[in-house]
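What follows is the content of input_17.cif, which has mmCIF, C-alpha atoms:
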data_upload
#
loop_
_atom_site.label_atom_id
_atom_site.label_comp_id
_atom_site.auth_asym_id
_atom_site.auth_seq_id
_atom_site.Cartn_x
_atom_site.Cartn_y
_atom_site.Cartn_z
CA MET A 1 0.00 0.00 0.00
CA GLN A 2 1.21 3.49 -0.83
CA LYS A 3 2.05 5.24 2.42
CA ASN A 4 1.60 8.90 1.44
CA ASN A 5 5.30 9.51 2.17
CA ARG A 6 4.71 8.40 5.79
CA ILE A 7 3.28 11.82 6.64
CA PHE A 8 2.65 10.81 10.27
CA ASP A 9 6.40 10.84 10.98
CA ASN A 10 6.54 14.65 10.75
CA THR A 11 6.95 15.69 14.40
CA GLU A 12 7.40 19.40 13.68
CA ILE A 13 3.82 19.60 12.35
CA ALA A 14 2.50 17.10 14.92
CA PHE A 15 3.64 19.10 17.95
CA SER A 16 3.54 22.60 16.51
CA LEU A 17 1.00 23.73 19.15
CA LYS A 18 3.03 22.43 22.10
CA ASN A 19 5.65 24.61 23.73
CA ASP A 20 8.66 22.92 25.34
CA SER A 21 7.07 22.57 28.79
CA GLU A 22 3.87 21.06 27.32
CA LEU A 23 6.01 18.63 25.34
CA GLU A 24 7.84 17.65 28.54
CA ARG A 25 4.52 17.11 30.32
CA ALA A 26 3.30 14.89 27.48
CA TYR A 27 6.53 12.87 27.67
CA PHE A 28 6.15 12.47 31.44
CA LEU A 29 2.49 11.38 31.21
CA PHE A 30 3.01 8.81 28.46
CA LYS A 31 6.08 7.49 30.27
CA MET A 32 3.94 6.96 33.39
CA ILE A 33 1.09 5.39 31.39
CA SER A 34 3.54 2.96 29.78
CA ILE A 35 4.21 1.33 33.18
CA GLU A 36 1.17 -0.88 33.88
CA PRO A 37 1.65 -1.39 37.66
CA LEU A 38 2.03 2.37 38.06
CA VAL A 39 -1.29 2.96 36.28
CA ARG A 40 -3.03 0.47 38.60
CA ILE A 41 -1.52 2.02 41.75
CA GLY A 42 -2.13 5.57 40.51
CA THR A 43 -5.76 4.79 39.66
CA ALA A 44 -6.43 3.29 43.10
CA ALA A 45 -4.68 6.15 44.89
CA THR A 46 -6.54 8.80 42.86
CA ASN A 47 -9.94 7.17 43.51
CA PHE A 48 -9.17 6.97 47.22
CA ALA A 49 -7.97 10.59 47.40
CA LEU A 50 -11.08 11.88 45.61
CA LYS A 51 -13.47 9.85 47.77
CA ALA A 52 -11.65 11.04 50.88
CA SER A 53 -11.88 14.64 49.59
CA LEU A 54 -8.12 15.07 49.77
CA PRO A 55 -6.90 18.29 48.05
CA ILE A 56 -5.49 16.73 44.87
CA GLU A 57 -7.69 18.38 42.21
CA GLY A 58 -5.05 21.05 41.53
CA LEU A 59 -2.43 18.38 40.84
CA ILE A 60 -4.80 16.43 38.57
CA ARG A 61 -5.79 19.64 36.79
CA SER A 62 -2.21 20.68 36.01
CA THR A 63 -1.14 17.24 34.74
CA VAL A 64 -3.42 14.57 33.33
CA PHE A 65 -6.58 16.75 33.14
CA ASP A 66 -5.01 19.60 31.16
CA HIS A 67 -3.36 17.12 28.79
CA PHE A 68 -6.49 15.07 27.96
CA CYS A 69 -9.29 17.63 28.59
CA GLY A 70 -10.07 21.06 27.16
CA GLY A 71 -11.34 22.58 30.40
CA VAL A 72 -14.11 22.56 32.99
CA THR A 73 -16.73 24.44 30.90
CA GLU A 74 -17.36 25.06 27.19
CA GLU A 75 -15.98 28.61 27.50
CA ASP A 76 -12.95 27.24 29.31
CA CYS A 77 -12.18 25.14 26.20
CA LEU A 78 -12.31 28.03 23.71
CA PRO A 79 -8.63 29.08 23.75
CA VAL A 80 -7.58 25.48 23.00
CA ILE A 81 -10.31 25.11 20.36
CA ASN A 82 -9.19 28.28 18.60
CA ARG A 83 -5.49 27.34 18.68
CA MET A 84 -6.25 23.96 17.11
CA PHE A 85 -8.57 25.46 14.50
CA ASP A 86 -5.78 27.81 13.42
CA LYS A 87 -4.02 24.59 12.35
CA GLY A 88 -7.15 23.26 10.64
CA VAL A 89 -8.24 20.84 13.38
CA SER A 90 -11.87 21.11 14.54
CA SER A 91 -13.24 20.11 17.95
CA VAL A 92 -16.03 17.83 19.14
CA LEU A 93 -16.95 18.99 22.65
CA ASP A 94 -17.56 15.91 24.78
CA TYR A 95 -19.15 16.39 28.20
CA SER A 96 -17.36 13.42 29.75
CA VAL A 97 -19.37 12.84 32.88
CA GLU A 98 -20.27 9.15 33.21
CA GLY A 99 -22.33 6.69 35.23
CA LYS A 100 -25.35 8.80 36.21
CA GLU A 101 -28.65 7.09 37.12
CA ASP A 102 -31.04 9.83 38.15
CA GLU A 103 -33.74 11.65 36.13
CA ASN A 104 -32.51 15.05 37.32
CA GLU A 105 -29.00 14.16 36.14
CA PHE A 106 -30.36 13.03 32.75
CA ASP A 107 -32.21 16.34 32.39
CA GLY A 108 -29.03 18.15 33.41
CA ALA A 109 -27.07 16.27 30.74
CA LEU A 110 -29.72 17.19 28.17
CA LYS A 111 -29.39 20.85 29.10
CA THR A 112 -25.59 20.61 28.77
CA ILE A 113 -25.77 18.97 25.31
CA LEU A 114 -28.28 21.58 24.11
CA ASN A 115 -25.95 24.31 25.43
CA ILE A 116 -23.05 22.76 23.49
CA ILE A 117 -25.08 22.76 20.25
CA GLU A 118 -26.15 26.35 20.92
CA PHE A 119 -22.53 27.24 21.66
CA ALA A 120 -21.33 25.46 18.48
CA LYS A 121 -23.84 26.89 16.01
CA ASN A 122 -21.85 30.09 15.38
CA ILE A 123 -18.36 28.61 15.82
CA ASP A 124 -16.90 27.04 12.69
CA ALA A 125 -14.31 25.24 14.83
CA ILE A 126 -17.06 23.09 16.45
CA PRO A 127 -19.04 21.48 13.60
CA ILE A 128 -20.06 18.39 15.58
CA ALA A 129 -21.62 17.60 18.98
CA VAL A 130 -21.70 14.26 20.80
CA PHE A 131 -23.50 12.43 23.59
CA LYS A 132 -23.72 8.96 25.13
CA PRO A 133 -27.07 7.13 25.26
CA THR A 134 -26.61 6.59 29.02
CA ALA A 135 -26.34 10.36 29.48
CA PHE A 136 -30.11 10.38 28.81
CA GLY A 137 -31.31 7.14 30.42
CA ARG A 138 -30.43 4.20 32.66
CA LEU A 139 -28.27 1.42 31.22
CA GLY A 140 -30.62 -1.15 32.82
CA LEU A 141 -33.58 0.33 30.96
CA TYR A 142 -31.81 0.09 27.58
CA GLU A 143 -30.88 -3.49 28.45
CA LYS A 144 -34.46 -4.44 29.31
CA ILE A 145 -35.77 -2.97 26.04
CA GLY A 146 -33.02 -4.66 24.03
CA ASN A 147 -33.99 -7.98 25.62
CA LYS A 148 -37.65 -7.30 24.68
CA GLU A 149 -38.71 -7.61 28.31
CA LYS A 150 -42.08 -6.21 29.36
CA LEU A 151 -41.81 -2.73 30.85
CA SER A 152 -43.85 -1.56 33.81
CA GLU A 153 -46.04 1.49 33.32
CA GLU A 154 -43.43 3.60 35.12
CA GLU A 155 -40.64 2.23 32.91
CA GLN A 156 -42.68 3.00 29.78
CA LYS A 157 -42.95 6.61 30.92
CA GLU A 158 -39.24 6.61 31.70
CA TRP A 159 -38.42 5.34 28.18
CA SER A 160 -40.70 7.99 26.65
CA ARG A 161 -38.60 10.61 28.42
CA VAL A 162 -35.40 9.06 27.00
CA ILE A 163 -36.85 9.19 23.47
CA LYS A 164 -37.89 12.79 24.05
CA ARG A 165 -34.35 13.77 25.12
CA PHE A 166 -32.87 12.20 21.97
CA ASP A 167 -35.48 13.92 19.83
CA VAL A 168 -34.97 17.37 21.35
CA VAL A 169 -31.19 17.16 20.77
CA CYS A 170 -31.48 15.88 17.18
CA GLU A 171 -34.11 18.50 16.34
CA GLN A 172 -31.91 21.32 17.63
CA ALA A 173 -28.87 19.88 15.85
CA LYS A 174 -30.77 19.85 12.56
CA SER A 175 -32.14 23.37 13.01
CA TYR A 176 -28.62 24.70 13.71
CA ASP A 177 -26.93 22.48 11.10
CA VAL A 178 -24.60 20.93 13.71
CA GLU A 179 -23.90 17.22 13.21
CA VAL A 180 -24.42 15.03 16.26
CA LEU A 181 -22.53 11.80 17.05
CA ILE A 182 -24.21 9.31 19.38
CA ASP A 183 -21.62 7.10 21.03
CA ALA A 184 -21.83 3.32 21.40
CA GLU A 185 -21.61 1.62 24.78
CA GLU A 186 -21.83 -1.95 26.14
CA SER A 187 -23.27 -4.56 23.75
CA TRP A 188 -26.04 -5.56 26.18
CA MET A 189 -27.62 -2.10 26.00
CA GLN A 190 -26.73 -1.33 22.39
CA ASP A 191 -29.72 -2.91 20.56
CA ALA A 192 -32.14 -0.46 22.17
CA ALA A 193 -29.79 2.48 21.52
CA ASP A 194 -29.29 1.41 17.87
CA ALA A 195 -33.04 1.23 17.25
CA LEU A 196 -33.51 4.67 18.79
CA VAL A 197 -30.69 6.24 16.76
CA THR A 198 -32.08 4.70 13.55
CA GLN A 199 -35.44 6.29 14.44
CA MET A 200 -33.67 9.66 14.72
CA MET A 201 -31.84 9.15 11.40
CA LYS A 202 -35.15 8.41 9.63
CA LYS A 203 -36.61 11.61 11.04
CA TYR A 204 -33.67 14.03 10.76
CA ASN A 205 -31.45 12.68 7.95
CA LYS A 206 -33.96 13.11 5.12
CA ASP A 207 -31.93 15.72 3.21
CA LYS A 208 -28.41 15.00 4.47
CA THR A 209 -26.64 13.41 7.40
CA ILE A 210 -27.08 15.18 10.73
CA VAL A 211 -27.37 12.21 13.14
CA PHE A 212 -24.53 9.66 13.38
CA ASN A 213 -24.54 6.31 15.18
CA THR A 214 -21.32 4.62 16.37
CA LEU A 215 -20.11 1.16 15.36
CA GLN A 216 -17.56 -0.54 17.61
CA MET A 217 -15.79 -2.72 15.05
CA TYR A 218 -14.24 -5.03 17.64
CA ARG A 219 -17.74 -6.55 17.58
CA HIS A 220 -17.85 -9.22 14.88
CA ASP A 221 -21.52 -8.48 14.03
CA ARG A 222 -21.15 -4.79 13.20
CA LEU A 223 -20.34 -5.08 9.49
CA GLU A 224 -23.52 -7.09 8.87
CA PHE A 225 -25.46 -4.56 10.96
CA LEU A 226 -24.07 -1.74 8.79
CA LYS A 227 -25.15 -3.55 5.60
CA ARG A 228 -28.67 -4.16 6.95
CA GLU A 229 -29.06 -0.52 7.99
CA HIS A 230 -27.81 0.60 4.57
CA LYS A 231 -30.43 -1.57 2.84
CA LYS A 232 -33.21 -0.07 5.02
CA ALA A 233 -32.01 3.49 4.35
CA GLU A 234 -31.92 2.88 0.58
CA GLU A 235 -35.47 1.47 0.66
CA GLU A 236 -36.88 4.23 2.86
CA GLY A 237 -34.88 7.16 1.48
CA TYR A 238 -32.88 8.65 4.35
CA TYR A 239 -29.17 9.20 4.93
CA LEU A 240 -26.90 7.39 7.37
CA GLY A 241 -23.95 8.61 9.40
CA TYR A 242 -21.56 6.27 11.18
CA LYS A 243 -18.63 6.87 13.46
CA LEU A 244 -16.36 3.83 13.17
CA VAL A 245 -14.20 3.00 16.17
CA ARG A 246 -12.46 -0.16 17.28
CA GLY A 247 -14.13 -0.18 20.70
CA ALA A 248 -13.75 0.70 24.38
CA TYR A 249 -15.22 -2.04 26.58
CA MET A 250 -13.32 -5.18 25.56
CA GLU A 251 -12.38 -6.60 28.96
CA LYS A 252 -15.84 -5.93 30.37
CA GLU A 253 -17.47 -7.57 27.32
CA ASN A 254 -15.31 -10.71 27.46
CA GLU A 255 -15.69 -11.10 31.23
CA ARG A 256 -19.49 -10.82 31.08
CA ALA A 257 -19.72 -13.30 28.19
CA GLU A 258 -17.63 -15.80 30.16
CA GLU A 259 -19.59 -15.29 33.38
CA GLN A 260 -22.98 -15.66 31.68
CA GLY A 261 -21.95 -18.42 29.26
CA TYR A 262 -22.59 -16.83 25.86
CA ILE A 263 -20.28 -16.28 22.88
CA SER A 264 -18.37 -13.02 23.27
CA PRO A 265 -19.38 -10.34 20.75
CA ILE A 266 -15.69 -9.33 20.48
CA CYS A 267 -13.54 -10.41 17.53
CA VAL A 268 -11.17 -13.28 18.31
CA SER A 269 -8.00 -11.23 17.79
CA LYS A 270 -6.59 -7.73 17.28
CA GLU A 271 -5.96 -8.68 13.61
CA ALA A 272 -9.63 -9.65 13.16
CA THR A 273 -10.69 -6.32 14.68
CA ASP A 274 -8.36 -4.43 12.34
CA GLU A 275 -9.73 -6.32 9.32
CA ASN A 276 -13.30 -5.63 10.45
CA PHE A 277 -12.60 -1.91 10.93
CA ASP A 278 -10.93 -1.61 7.52
CA ALA A 279 -13.78 -3.53 5.87
CA GLY A 280 -16.18 -1.00 7.41
CA LEU A 281 -14.15 1.87 5.92
CA ARG A 282 -14.22 0.24 2.48
CA TYR A 283 -17.97 -0.42 2.65
CA ILE A 284 -18.81 3.18 3.58
CA ILE A 285 -16.48 4.70 0.97
CA ASP A 286 -18.11 2.42 -1.63
CA ASN A 287 -21.53 3.72 -0.53
CA LEU A 288 -20.74 7.34 0.19
CA LYS A 289 -23.84 8.54 -1.67
CA ARG A 290 -25.93 7.27 1.23
CA ILE A 291 -23.52 7.02 4.21
CA SER A 292 -21.29 9.68 5.81
CA LEU A 293 -18.22 8.62 7.77
CA PHE A 294 -16.48 9.75 10.94
CA ALA A 295 -13.39 7.52 11.21
CA GLY A 296 -12.45 7.57 14.88
CA THR A 297 -9.04 5.93 14.84
CA HIS A 298 -5.57 6.23 16.34
CA ASN A 299 -4.35 3.52 13.97
CA GLU A 300 -1.92 4.84 11.35
CA GLU A 301 -2.46 2.00 8.86
CA SER A 302 -6.25 2.47 8.88
CA SER A 303 -5.74 6.22 8.39
CA TYR A 304 -3.42 5.61 5.42
CA LEU A 305 -5.98 3.14 4.03
CA LEU A 306 -8.78 5.71 4.20
CA MET A 307 -6.57 8.33 2.52
CA ASN A 308 -5.80 5.87 -0.29
CA LEU A 309 -9.46 4.82 -0.69
CA MET A 310 -10.40 8.49 -1.07
CA LYS A 311 -7.65 8.97 -3.65
CA GLU A 312 -8.75 5.87 -5.62
CA LYS A 313 -12.34 7.19 -5.75
CA GLY A 314 -11.14 10.63 -6.89
CA LEU A 315 -12.53 12.30 -3.76
CA GLU A 316 -11.31 15.68 -2.53
CA ASN A 317 -9.32 15.59 0.72
CA ASN A 318 -11.92 17.86 2.33
CA ASP A 319 -15.02 15.96 1.10
CA ASN A 320 -17.62 16.98 3.70
CA ARG A 321 -18.95 13.41 4.06
CA ILE A 322 -15.66 12.16 5.54
CA TRP A 323 -14.05 13.06 8.87
CA PHE A 324 -10.99 11.70 10.61
CA GLY A 325 -11.15 11.87 14.42
CA GLN A 326 -8.80 11.36 17.34
CA LEU A 327 -8.98 12.07 21.07
CA TYR A 328 -7.58 15.32 22.41
CA GLY A 329 -4.17 14.69 23.97
CA MET A 330 -3.42 11.67 21.78
CA SER A 331 -2.13 10.96 18.27
CA ASP A 332 -1.31 14.56 17.37
CA HIS A 333 1.00 13.13 14.71
CA ILE A 334 -2.09 11.81 12.91
CA SER A 335 -4.44 14.76 13.51
CA PHE A 336 -2.17 17.68 12.62
CA ASN A 337 -0.43 16.00 9.69
CA LEU A 338 -3.83 15.10 8.19
CA SER A 339 -5.13 18.64 8.64
CA GLU A 340 -1.96 20.02 7.07
CA LYS A 341 -2.87 17.98 3.95
CA GLY A 342 -6.38 19.45 3.92
CA TYR A 343 -8.40 16.54 5.34
CA ASN A 344 -11.36 17.12 7.67
CA VAL A 345 -10.03 16.35 11.16
CA ALA A 346 -11.69 16.72 14.55
CA LYS A 347 -10.43 16.10 18.05
CA TYR A 348 -12.83 14.73 20.68
CA MET A 349 -12.35 17.27 23.45
CA PRO A 350 -13.58 16.10 26.87
CA PHE A 351 -14.58 18.71 29.44
CA GLY A 352 -16.36 18.86 32.77
CA PRO A 353 -15.67 19.22 36.51
CA VAL A 354 -12.35 17.57 37.39
CA LYS A 355 -13.87 15.12 39.87
CA ASP A 356 -16.68 14.08 37.50
CA VAL A 357 -14.31 13.55 34.56
CA MET A 358 -11.97 11.24 36.51
CA PRO A 359 -13.71 7.97 35.42
CA TYR A 360 -13.09 9.03 31.80
CA LEU A 361 -9.44 9.91 32.49
CA ILE A 362 -8.82 6.63 34.31
CA ARG A 363 -10.29 4.68 31.37
CA ARG A 364 -8.01 6.61 29.01
CA ALA A 365 -4.95 5.67 31.06
CA GLU A 366 -6.00 2.01 31.25
CA GLU A 367 -6.74 1.85 27.50
CA ASN A 368 -3.36 3.39 26.67
CA THR A 369 -1.67 0.80 28.85
CA SER A 370 -3.51 -2.08 27.14
CA VAL A 371 -3.07 -0.94 23.51
CA ALA A 372 0.18 -2.53 22.38
CA GLY A 373 2.51 -0.04 20.74
CA GLN A 374 0.27 3.03 21.12
CA THR A 375 2.07 4.60 24.08
CA GLY A 376 5.49 3.55 22.74
CA ARG A 377 4.75 5.31 19.46
CA GLU A 378 3.68 8.50 21.27
CA LEU A 379 6.88 8.44 23.36
CA LYS A 380 9.10 7.81 20.35
CA LEU A 381 7.65 10.77 18.42
CA ILE A 382 7.82 13.12 21.43
CA THR A 383 11.46 12.10 21.94
CA GLN A 384 12.20 12.78 18.25
CA GLU A 385 10.63 16.23 18.51
CA LYS A 386 12.61 17.06 21.68
CA LYS A 387 15.82 16.13 19.83
CA ARG A 388 14.78 18.13 16.75
CA ARG A 389 14.20 21.23 18.87
CA LYS A 390 17.51 20.85 20.71
CA ALA A 391 19.34 20.66 17.38
CA LEU A 392 17.92 24.00 16.20
#
Is it possible to give me this structure as structure tokens?
Amino acid sequence: MQKNNRIFDNTEIAFSLKNDSELERAYFLFKMISIEPLVRIGTAATNFALKASLPIEGLIRSTVFDHFCGGVTEEDCLPVINRMFDKGVSSVLDYSVEGKEDENEFDGALKTILNIIEFAKNIDAIPIAVFKPTAFGRLGLYEKIGNKEKLSEEEQKEWSRVIKRFDVVCEQAKSYDVEVLIDAEESWMQDAADALVTQMMKKYNKDKTIVFNTLQMYRHDRLEFLKREHKKAEEEGYYLGYKLVRGAYMEKENERAEEQGYISPICVSKEATDENFDAGLRYIIDNLKRISLFAGTHNEESSYLLMNLMKEKGLENNDNRIWFGQLYGMSDHISFNLSEKGYNVAKYMPFGPVKDVMPYLIRRAEENTSVAGQTGRELKLITQEKKRRKAL
């Protein structure tokens, strides 16, 4: 495969927004994350300190929080958003507060997402909003619906409120022309979420793609799901949007499958996941007239593949149906080198109160530890850039 001159090796472009002290902080953090026992100890110590109300928020804020998050509020994120947009990289503001169970909290999350869309409508640097299904309803409720269990009268009312929250967000997104990505979560709640997102696509994607679902391609059934949804959309005349990711709940998925005695939904190997992800890219690019793509990947080979597929189809680098996406604080060598070549690139930018965002940050650290080669690659590139700067 042609490798586009290995553009991701250019560290000057990759780290152009980082001053020397920010580069040093990035090096320190990835060095820490690369040591698995340290991540485990650090996670336990941080959880204990927060529960005991020890004064560590300032330390978290100045290290891991500021590296992986844009700020505490939307306005707090603006300086970072603007700096990135100067380099052609857009932002997807992600209110990264997880694990809520209460109706008041769901209504609060709805208000926050609506505020983000309102905030984004006049800011070119924020073309996309995002939310998790469990921001708007209980995981157990999604699971019950996915299992086709009978709901009590109270649960039916509760589900109606979940549908209403989805609808209000998608309606506002359409009226303001802001695309909205709906994240995927655990497989045992995903059937209900998928059906609800498809309902929103039918309603709001009649003229073009506004609403996107998410496919976790480490699930071996997702390619067939994509093909079935495509067939329905062709028959009924609406557009589809899909964010493709590899996935974020692998250990939890495998453990549950083993405990409950069913076949794990996760691909048998990393290679099988990679093949599945790349097959999803190919399928969407082959059917771009109906399906828009947000390729959420930190994998260089998949990024090169998508670039080459676009080239083979004669597509412009900035075709508005195709986005590349990475997480803020990671894979700058992919994001900024792609944007320098004129591709549509967006960083997922988490924000929220430090204490509430900690579950997200801990998951990030654990994922980085478990992804073979990811942290090593980050460290290698940061080291190269430090040497390059010293030689100037």
Which residues fall under the PyMOL selection byres ((chain A and resi 154-159) around 10) in this file, as a PDB file with C-alpha atoms, in the coordinates of the input?
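Result file follows (selection.pdb):
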ATOM      1  CA  GLU A 103     -33.740  11.650  36.130  1.00  0.00           C
ATOM      2  CA  PHE A 136     -30.110  10.380  28.810  1.00  0.00           C
ATOM      3  CA  GLY A 137     -31.310   7.140  30.420  1.00  0.00           C
ATOM      4  CA  ARG A 138     -30.430   4.200  32.660  1.00  0.00           C
ATOM      5  CA  LEU A 141     -33.580   0.330  30.960  1.00  0.00           C
ATOM      6  CA  TYR A 142     -31.810   0.090  27.580  1.00  0.00           C
ATOM      7  CA  LYS A 144     -34.460  -4.440  29.310  1.00  0.00           C
ATOM      8  CA  ILE A 145     -35.770  -2.970  26.040  1.00  0.00           C
ATOM      9  CA  LYS A 150     -42.080  -6.210  29.360  1.00  0.00           C
ATOM     10  CA  LEU A 151     -41.810  -2.730  30.850  1.00  0.00           C
ATOM     11  CA  SER A 152     -43.850  -1.560  33.810  1.00  0.00           C
ATOM     12  CA  GLU A 153     -46.040   1.490  33.320  1.00  0.00           C
ATOM     13  CA  SER A 160     -40.700   7.990  26.650  1.00  0.00           C
ATOM     14  CA  ARG A 161     -38.600  10.610  28.420  1.00  0.00           C
ATOM     15  CA  VAL A 162     -35.400   9.060  27.000  1.00  0.00           C
ATOM     16  CA  ILE A 163     -36.850   9.190  23.470  1.00  0.00           C
ATOM     17  CA  LYS A 164     -37.890  12.790  24.050  1.00  0.00           C
ATOM     18  CA  ARG A 165     -34.350  13.770  25.120  1.00  0.00           C
TER      19      ARG A 165
END
Notebook entry, point to check: Could you work out how far CA of Pro37 in chain A lies from CA of Lys270 in chain A, giving the answer in Å with one decimal?
Noted result: 22.9 Å
Note to self: Just checking: using all atoms listed in the file, which residue out of A:Phe336, A:Phe28, A:Phe351, A:Tyr343 ends up closest to Glu75 in chain A?
What the structure shows: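 Ranking A:Phe336, A:Phe28, A:Phe351, A:Tyr343 by distance to Glu75 in chain A, first place goes to A:Phe351.
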Margin query: Could you tell me, as a ChimeraX atom specification, exactly which residues end up selected when the PyMOL selection byres ((chain A and resi 354) around 8) is applied to this structure?
Written below: /A:57,60-61,65,72,352-353,355-358
Item checked: Residue IDs satisfying the PyMOL selection byres ((chain A and resi 167) around 10), as number ranges by chain -> A: 161-166, 168-173, 196-197, 199-200, 203-204
Note to self: Taking only C-alpha atoms into account, name the residue in A:Asn276, A:Thr198, A:Thr63, A:Ser303 that is nearest to Asn337 in chain A.
What the structure shows: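 Answer, going by the shortest atom-to-atom distance: A:Ser303.
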Check: Smallest atom-to-atom distance to Leu327 in chain A: which of A:Ile266, A:Leu306, A:Leu381, A:Leu361, using only C-alpha atoms?
Finding: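 Ranking A:Ile266, A:Leu306, A:Leu381, A:Leu361 by distance to Leu327 in chain A, first place goes to A:Leu361.
The space separating CA of Tyr328 in chain A from CA of Ile291 in chain A comes to 25.6 Å.
For Arg389 in chain A, the non-local neighbours within 9 Å, defined as residues at least 5 positions apart in the same chain or in other chains and counting only C-alpha atoms, are A:Glu12, A:Asp20, A:Gln384.
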Residue selection dump (C-alpha atoms) as a PDB file, in the frame of the given file:
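Result file follows (part.pdb):
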ATOM      1  CA  GLU A  12       7.400  19.400  13.680  1.00  0.00           C
ATOM      2  CA  ASP A  20       8.660  22.920  25.340  1.00  0.00           C
ATOM      3  CA  GLN A 384      12.200  12.780  18.250  1.00  0.00           C
TER       4      GLN A 384
END
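With CA of Ile210 in chain A on one side and CA of Gly241 in chain A on the other, the separation reads 7.4 Å.
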Find the residues near Leu215 in chain A: any atom within 7 Å, counting all atoms listed in the file, skip ones fewer than 5 places away on the same chain, and give them as a compact mmCIF listing (two decimals) with C-alpha atoms, in the frame of the given file.
# COMPACT_ATOMS: atom_id res chain seq x y z
CA ALA A 184 -21.83 3.32 21.40
CA ARG A 222 -21.15 -4.79 13.20
CA TYR A 242 -21.56 6.27 11.18
CA LYS A 243 -18.63 6.87 13.46
CA LEU A 244 -16.36 3.83 13.17
CA VAL A 245 -14.20 3.00 16.17
